[in-house]
>>> print(open('query-v9.cif').read())   # mmCIF, C-alpha atoms
data_upload
loop_
_atom_site.label_atom_id
_atom_site.label_comp_id
_atom_site.auth_asym_id
_atom_site.auth_seq_id
_atom_site.Cartn_x
_atom_site.Cartn_y
_atom_site.Cartn_z
CA MET A 3 102.23 123.94 65.77
CA ASN A 4 103.55 122.76 69.12
CA THR A 5 101.26 120.64 71.29
CA SER A 6 101.34 121.22 75.03
CA TYR A 7 100.80 118.25 77.34
CA THR A 8 99.69 118.25 80.97
CA SER A 9 100.60 115.41 83.32
CA LEU A 10 97.58 114.09 85.21
CA PHE A 11 99.46 111.64 87.42
CA SER A 12 102.34 109.18 87.54
CA LEU A 13 102.81 105.78 89.14
CA THR A 14 106.11 104.16 90.13
CA THR A 15 106.70 100.63 91.41
CA MET A 16 109.31 99.86 94.08
CA HIS A 17 110.48 96.50 95.44
CA SER A 18 112.82 95.70 98.33
CA TYR A 19 113.94 92.51 96.52
CA PHE A 20 116.04 94.64 94.17
CA ALA A 21 119.19 96.38 95.37
CA SER A 22 118.14 99.47 93.40
CA GLY A 23 114.76 99.51 95.12
CA SER A 24 113.09 99.97 91.73
CA CYS A 25 110.81 97.26 90.32
CA GLU A 26 111.00 96.85 86.54
CA THR A 27 109.31 93.43 86.36
CA VAL A 28 105.70 94.66 86.09
CA ALA A 29 104.32 95.79 82.72
CA TYR A 30 101.26 98.06 82.84
CA HIS A 31 98.39 98.45 80.39
CA PRO A 32 94.97 100.15 80.57
CA SER A 33 91.82 98.09 80.95
CA VAL A 34 89.70 97.62 77.82
CA GLU A 35 87.21 100.30 78.91
CA THR A 36 89.95 102.75 79.93
CA LYS A 37 91.89 102.17 76.68
CA LYS A 38 88.80 102.96 74.62
CA MET A 39 88.14 106.13 76.61
CA MET A 40 91.78 107.25 76.39
CA ASP A 41 91.82 106.80 72.62
CA THR A 42 88.56 108.73 72.25
CA TYR A 43 89.46 111.69 74.44
CA GLY A 44 93.17 112.02 73.77
CA LEU A 45 94.71 110.70 76.95
CA LEU A 46 98.26 109.42 76.50
CA MET A 47 100.17 106.81 78.48
CA ARG A 48 103.96 107.09 78.69
CA LYS A 49 105.46 103.87 79.95
CA MET A 50 108.52 103.96 82.18
CA PRO A 51 110.76 101.06 83.27
CA ASN A 52 109.13 101.00 86.70
CA GLY A 53 105.69 102.49 86.02
CA PHE A 54 103.86 104.93 83.78
CA GLN A 55 102.57 108.49 83.44
CA ILE A 56 99.27 109.79 82.03
CA TYR A 57 99.07 113.00 79.99
CA THR A 58 96.44 115.05 78.19
CA SER A 59 96.79 117.70 75.49
CA THR A 60 93.44 119.41 76.22
CA SER A 61 93.34 123.20 76.15
CA GLN A 62 90.46 123.23 78.65
CA SER A 63 90.86 123.29 82.39
CA ILE A 64 91.40 119.78 83.73
CA GLU A 65 88.22 120.03 85.81
CA THR A 66 86.10 120.98 82.77
CA TYR A 67 87.79 118.28 80.67
CA ILE A 68 87.32 115.52 83.27
CA ASN A 69 83.72 116.51 84.04
CA TYR A 70 82.86 116.38 80.33
CA ILE A 71 84.30 112.85 79.99
CA THR A 72 82.31 111.70 83.03
CA GLN A 73 79.06 113.26 81.76
CA VAL A 74 79.39 111.67 78.31
CA THR A 75 80.70 108.23 79.30
CA GLY A 76 79.63 107.75 82.92
CA ILE A 77 83.24 106.81 83.70
CA ASP A 78 84.70 108.34 86.89
CA ALA A 79 88.04 106.52 87.12
CA LEU A 80 90.95 105.14 85.12
CA LYS A 81 91.79 101.47 85.52
CA PHE A 82 95.08 99.76 84.72
CA ASN A 83 96.35 96.21 85.01
CA GLY A 84 99.89 95.00 85.62
CA THR A 85 101.48 91.79 84.36
CA ALA A 86 104.58 90.19 85.87
CA THR A 87 107.31 89.91 83.24
CA GLU A 88 109.05 87.05 85.05
CA GLN A 89 107.54 84.05 86.82
CA ALA A 90 109.84 84.43 89.85
CA PHE A 91 107.97 87.64 90.76
CA TYR A 92 105.29 85.49 92.40
CA ASN A 93 107.95 83.87 94.61
CA TYR A 94 110.02 86.85 95.74
CA THR A 95 107.04 89.13 96.45
CA ALA A 96 105.67 88.86 100.00
CA GLN A 97 102.26 90.39 99.18
CA ILE A 98 101.38 87.39 96.99
CA PRO A 99 100.31 84.27 98.92
CA LEU A 100 102.02 81.08 97.82
CA ASN A 101 99.89 78.44 96.11
CA GLU A 102 96.97 80.84 95.61
CA ILE A 103 95.63 82.30 92.37
CA GLY A 104 94.55 85.91 92.39
CA MET A 105 95.62 89.50 91.97
CA LEU A 106 96.44 92.57 94.04
CA SER A 107 93.93 95.41 93.88
CA TYR A 108 94.92 99.06 94.46
CA THR A 109 92.57 102.06 94.72
CA ASN A 110 93.57 105.63 95.48
CA THR A 111 92.34 106.89 98.86
CA HIS A 112 91.65 110.55 98.03
CA GLN A 113 95.06 111.72 99.21
CA THR A 114 97.02 114.21 97.19
CA ASN A 115 100.15 114.51 99.34
CA THR A 116 102.80 112.97 97.13
CA PRO A 117 103.95 110.39 96.70
CA VAL A 118 100.73 108.59 97.64
CA LEU A 119 101.54 105.05 98.77
CA LEU A 120 98.81 102.76 97.47
CA GLN A 121 97.70 99.89 99.73
CA GLU A 122 96.86 96.49 98.29
CA THR A 123 94.06 94.00 98.77
CA PHE A 124 94.56 90.43 97.55
CA ILE A 125 91.59 89.14 95.56
CA SER A 126 91.36 85.38 94.96
CA GLN A 127 90.39 84.38 91.42
CA SER A 128 90.09 81.08 89.60
CA SER A 129 92.45 82.30 86.87
CA THR A 130 94.16 85.52 85.85
CA ASN A 131 97.00 86.69 83.62
CA ASP A 132 97.47 89.94 85.55
CA ILE A 133 99.09 90.28 88.94
CA LEU A 134 97.56 93.63 89.88
CA GLN A 135 94.85 96.14 89.04
CA ILE A 136 94.85 99.86 89.84
CA THR A 137 91.90 102.27 90.01
CA ILE A 138 92.62 106.02 89.94
CA THR A 139 89.53 108.18 90.44
CA PHE A 140 89.01 111.40 88.49
CA GLU A 141 88.20 113.16 91.78
CA ASP A 142 91.80 112.99 92.94
CA ILE A 143 93.13 114.19 89.60
CA VAL A 144 90.87 117.25 89.63
CA GLN A 145 91.74 118.08 93.23
CA ALA A 146 95.47 117.83 92.54
CA GLN A 147 95.18 120.15 89.54
CA LYS A 148 93.29 122.71 91.64
CA THR A 149 96.08 122.79 94.22
CA GLY A 150 98.89 122.65 91.66
CA THR A 151 100.09 119.31 93.03
CA ASP A 152 102.08 116.87 90.89
CA LEU A 153 100.03 113.75 91.62
CA ALA A 154 102.38 110.80 92.08
CA TYR A 155 101.33 107.32 93.17
CA GLN A 156 103.65 104.61 94.37
CA ILE A 157 103.37 100.87 94.91
CA GLN A 158 105.84 99.33 97.36
CA PHE A 159 106.43 95.58 97.17
CA THR A 160 108.28 93.74 99.92
CA ALA A 161 110.67 90.84 99.41
CA ARG A 162 109.49 87.51 100.79
CA GLU A 163 111.31 86.20 103.86
CA THR A 164 112.38 82.56 103.88
CA GLN A 165 114.49 80.19 105.92
CA TRP A 166 117.81 79.80 104.13
CA ASN A 167 118.88 76.16 104.12
CA TYR A 168 122.36 75.21 102.91
CA TYR A 169 122.86 71.52 102.14
CA ILE A 170 126.60 70.76 102.17
CA ILE A 171 127.46 67.66 100.11
CA ASN A 172 130.98 66.31 100.55
CA THR A 173 131.90 64.73 97.21
CA SER A 174 135.66 65.07 97.77
CA ASN A 175 135.57 62.52 100.61
CA GLN A 176 137.86 64.75 102.65
CA ASN A 177 137.65 64.42 106.41
CA TYR A 178 136.52 67.77 107.77
CA HIS A 179 136.72 68.02 111.55
CA GLU A 180 134.16 70.76 112.25
CA ILE A 181 132.51 72.72 109.47
CA ALA A 182 130.42 75.83 110.00
CA ILE A 183 129.04 78.84 108.13
CA GLN A 184 130.77 82.09 109.00
CA SER A 185 128.64 85.20 108.53
CA SER A 186 129.82 88.73 107.83
CA THR A 187 127.17 90.04 110.25
CA GLU A 188 126.37 88.98 113.79
CA GLU A 189 122.63 89.43 113.17
CA ILE A 190 122.59 86.45 110.78
CA GLN A 191 123.81 83.09 112.03
CA PHE A 192 123.41 79.52 110.77
CA SER A 193 123.03 76.45 112.95
CA ASN A 194 124.20 72.93 112.09
CA LYS A 195 121.13 70.68 111.92
CA GLY A 196 123.19 67.54 111.37
CA GLU A 197 123.28 65.03 108.57
CA THR A 198 120.27 64.48 106.32
CA THR A 199 119.51 62.35 103.27
CA LEU A 200 118.50 64.13 100.07
CA GLN A 201 115.86 62.81 97.68
CA ASN A 202 118.59 61.47 95.38
CA GLY A 203 120.04 59.42 98.25
CA GLN A 204 123.07 61.66 98.82
CA LYS A 205 124.11 62.56 102.35
CA ALA A 206 124.34 66.23 103.25
CA ILE A 207 124.92 68.39 106.31
CA LEU A 208 122.14 70.94 106.74
CA PHE A 209 122.76 74.49 107.95
CA SER A 210 119.67 76.65 108.59
CA SER A 211 119.38 80.36 109.23
CA GLY A 212 118.27 81.17 112.75
CA THR A 213 115.79 83.76 111.45
CA LEU A 214 113.86 84.26 108.24
CA LEU A 215 115.88 86.24 105.69
CA SER A 216 114.65 88.42 102.84
CA LEU A 217 115.19 87.21 99.30
CA LYS A 218 117.45 89.55 97.28
CA ASP A 219 118.55 89.85 93.67
CA ILE A 220 122.19 90.25 94.72
CA ALA A 221 124.07 89.27 97.86
CA GLN A 222 123.76 91.74 100.73
CA HIS A 223 125.95 89.79 103.15
CA LYS A 224 128.84 87.36 102.82
CA PHE A 225 128.70 83.78 104.07
CA ASP A 226 131.74 81.46 103.97
CA LEU A 227 131.93 77.74 104.69
CA ILE A 228 134.82 77.13 107.07
CA ASN A 229 136.41 74.15 108.78
CA THR A 230 138.16 74.09 112.14
CA LYS A 231 141.23 71.98 111.50
CA GLN A 232 143.19 70.27 114.28
CA THR A 233 146.95 70.76 114.06
CA ILE A 234 149.90 70.19 116.36
CA ALA A 235 149.89 73.91 117.11
CA GLY A 236 146.19 73.82 117.95
CA ASN A 237 142.93 74.42 116.12
CA ARG A 238 143.12 76.45 112.90
CA LYS A 239 140.27 77.71 110.74
CA GLU A 240 140.39 77.24 106.98
CA THR A 241 137.96 78.44 104.32
CA ILE A 242 136.40 75.63 102.29
CA PHE A 243 133.95 77.66 100.21
CA LYS A 244 134.29 81.45 99.93
CA GLY A 245 131.09 83.36 99.23
CA LEU A 246 128.21 80.89 99.48
CA PRO A 247 125.45 81.41 96.89
CA ILE A 248 122.24 83.26 97.72
CA PRO A 249 118.84 81.60 97.10
CA ASN A 250 117.30 81.29 93.68
CA ALA A 251 113.87 82.92 94.03
CA SER A 252 112.43 80.36 91.59
CA ASN A 253 113.15 77.55 94.06
CA LEU A 254 111.06 77.60 97.24
CA GLN A 255 109.99 74.82 99.60
CA LEU A 256 106.99 74.76 101.94
CA LEU A 257 108.04 72.86 105.06
CA ASP A 258 105.79 70.80 107.33
CA ASN A 259 105.54 73.67 109.85
CA SER A 260 104.32 76.00 107.07
CA THR A 261 107.69 77.76 106.95
CA ILE A 262 108.82 78.79 103.47
CA ALA A 263 112.41 77.71 102.86
CA SER A 264 115.04 78.42 100.24
CA PRO A 265 117.19 75.30 99.62
CA MET A 266 120.75 75.65 98.34
CA TYR A 267 123.04 72.76 97.49
CA VAL A 268 126.79 73.24 97.90
CA TYR A 269 129.23 70.56 96.72
CA ILE A 270 132.67 70.49 98.32
#
>>> encode(input="query-v9.cif", output="structure tokens")
Amino acid sequence: MNTSYTSLFSLTTMHSYFASGSCETVAYHPSVETKKMMDTYGLLMRKMPNGFQIYTSTSQSIETYINYITQVTGIDALKFNGTATEQAFYNYTAQIPLNEIGMLSYTNTHQTNTPVLLQETFISQSSTNDILQITITFEDIVQAQKTGTDLAYQIQFTARETQWNYYIINTSNQNYHEIAIQSSTEEIQFSNKGETTLQNGQKAILFSSGTLLSLKDIAQHKFDLINTKQTIAGNRKETIFKGLPIPNASNLQLLDNSTIASPMYVYI
């Protein structure tokens, strides 16, 4: 005997940090109460790389089925939690305040035009293993089934913006006349902040981005370290380091002016 399943809703997670736009670094699971109810009344959760989908195999109308569950249990919503599968998620996600403990809360807003973009509220907590919690009310599910709408929710994370700081350490002892960072786009430029001393005592030349730049999982633009060399025929540019590295999201610095910076150390 074949069993027929009806999709109640789906949720996908997007993130501008990833070149694909899809976020696969959050693992979802139902709350304890929701898990117990799902097991009792035959709701199924199909996990996807960037979200999940909820199904039922009931032969009743969805409205009758949902109303019965509410009458028996008093439950009027499904609740799910999400856990970050990598620690760097807390760094490259702008919605999460640095140096604060808490979670992002999402609740559907009785919209059935899909996809429904869920809005977050950050809730401070003393401790938590989950990074987010989602509440989906039965009311929206019933309304979507009445109108024949495929109910799809979406969470959109934004990559954190930081000041990109390149520390150029000259270990070759070569005499460079005038070094600079050459950008592949005019919108992003780096200024020479002069010589600075690192914590290990090494001297470095600091180049800082003129604007805050979004963290990315792969390079979106190309930055080269160049030197303007003086010759008999005049000044000539030479490339010292082709394709400077992009920031490691696990390594952030909070500067004195409350700016979040991404330090990168380049040895030449």
>>> residues_around(input="query-v9.cif", residues="range 160-177 of chain A", least_positions_apart="2", cutoff="9 Å", atoms="all atoms listed in the file", output="number ranges by chain")
A: 16-20, 93-98, 158, 179, 192, 198, 200, 204-218, 246, 248-249, 254, 261-270
>>> closest_residue(input="query-v9.cif", among="A:Ile64, A:Ala154, A:Val144, A:Ile183", to="Phe243 in chain A", atoms="all atoms listed in the file")
A:Ile183
>>> atom_distance(input="query-v9.cif", atom1="CA of Glu88 in chain A", atom2="CA of Val28 in chain A")
8.4 Å
>>> closest_residue(input="query-v9.cif", among="A:Ser61, A:Asn259, A:Ser185, A:Thr27", to="Lys244 in chain A", atoms="all atoms listed in the file")
A:Ser185
>>> resolve_selection(input="query-v9.cif", expression="the PyMOL selection byres ((chain A and resi 75) around 12)", output="ChimeraX atom specification")
/A:35-36,38-40,42-43,68-74,76-79
>>> write_last_selection(input="query-v9.cif", atoms="C-alpha atoms", output="compact mmCIF listing (two decimals), in the frame of the given file")
# COMPACT_ATOMS: atom_id res chain seq x y z
CA GLU A 35 87.21 100.30 78.91
CA THR A 36 89.95 102.75 79.93
CA LYS A 38 88.80 102.96 74.62
CA MET A 39 88.14 106.13 76.61
CA MET A 40 91.78 107.25 76.39
CA THR A 42 88.56 108.73 72.25
CA TYR A 43 89.46 111.69 74.44
CA ILE A 68 87.32 115.52 83.27
CA ASN A 69 83.72 116.51 84.04
CA TYR A 70 82.86 116.38 80.33
CA ILE A 71 84.30 112.85 79.99
CA THR A 72 82.31 111.70 83.03
CA GLN A 73 79.06 113.26 81.76
CA VAL A 74 79.39 111.67 78.31
CA GLY A 76 79.63 107.75 82.92
CA ILE A 77 83.24 106.81 83.70
CA ASP A 78 84.70 108.34 86.89
CA ALA A 79 88.04 106.52 87.12
>>> resolve_selection(input="query-v9.cif", expression="the PyMOL selection byres ((chain A and resi 136) around 9)", output="PyMOL selection string")
chain A and resi 80-84+106-110+134-135+137-138
>>> atom_distance(input="query-v9.cif", atom1="CA of Ile133 in chain A", atom2="CA of Ala90 in chain A")
12.3 Å
>>> residues_around(input="query-v9.cif", residues="Phe11 in chain A", least_positions_apart="5", cutoff="10 Å", atoms="all atoms listed in the file", output="list in words")
Phe54, Gln55, Ile56, Tyr57, Ile138, Asp142, Ile143, Ala146, Gln147, Thr151, Asp152, Leu153, Ala154 and Tyr155 of chain A
>>> resolve_selection(input="query-v9.cif", expression="the PyMOL selection byres ((chain A and resi 124) around 7)", output="list in words")
Gly104, Met105, Leu106, Ser107, Glu122, Thr123, Ile125 and Ser126 of chain A
>>> write_last_selection(input="query-v9.cif", atoms="C-alpha atoms", output="PDB file, in the frame of the given file")
ATOM      1  CA  GLY A 104      94.550  85.910  92.390  1.00  0.00           C
ATOM      2  CA  MET A 105      95.620  89.500  91.970  1.00  0.00           C
ATOM      3  CA  LEU A 106      96.440  92.570  94.040  1.00  0.00           C
ATOM      4  CA  SER A 107      93.930  95.410  93.880  1.00  0.00           C
ATOM      5  CA  GLU A 122      96.860  96.490  98.290  1.00  0.00           C
ATOM      6  CA  THR A 123      94.060  94.000  98.770  1.00  0.00           C
ATOM      7  CA  ILE A 125      91.590  89.140  95.560  1.00  0.00           C
ATOM      8  CA  SER A 126      91.360  85.380  94.960  1.00  0.00           C
TER       9      SER A 126
END
>>> closest_residue(input="query-v9.cif", among="A:Gln156, A:Gln191, A:Thr230, A:Ser33", to="Thr15 in chain A", atoms="only C-alpha atoms")
A:Gln156
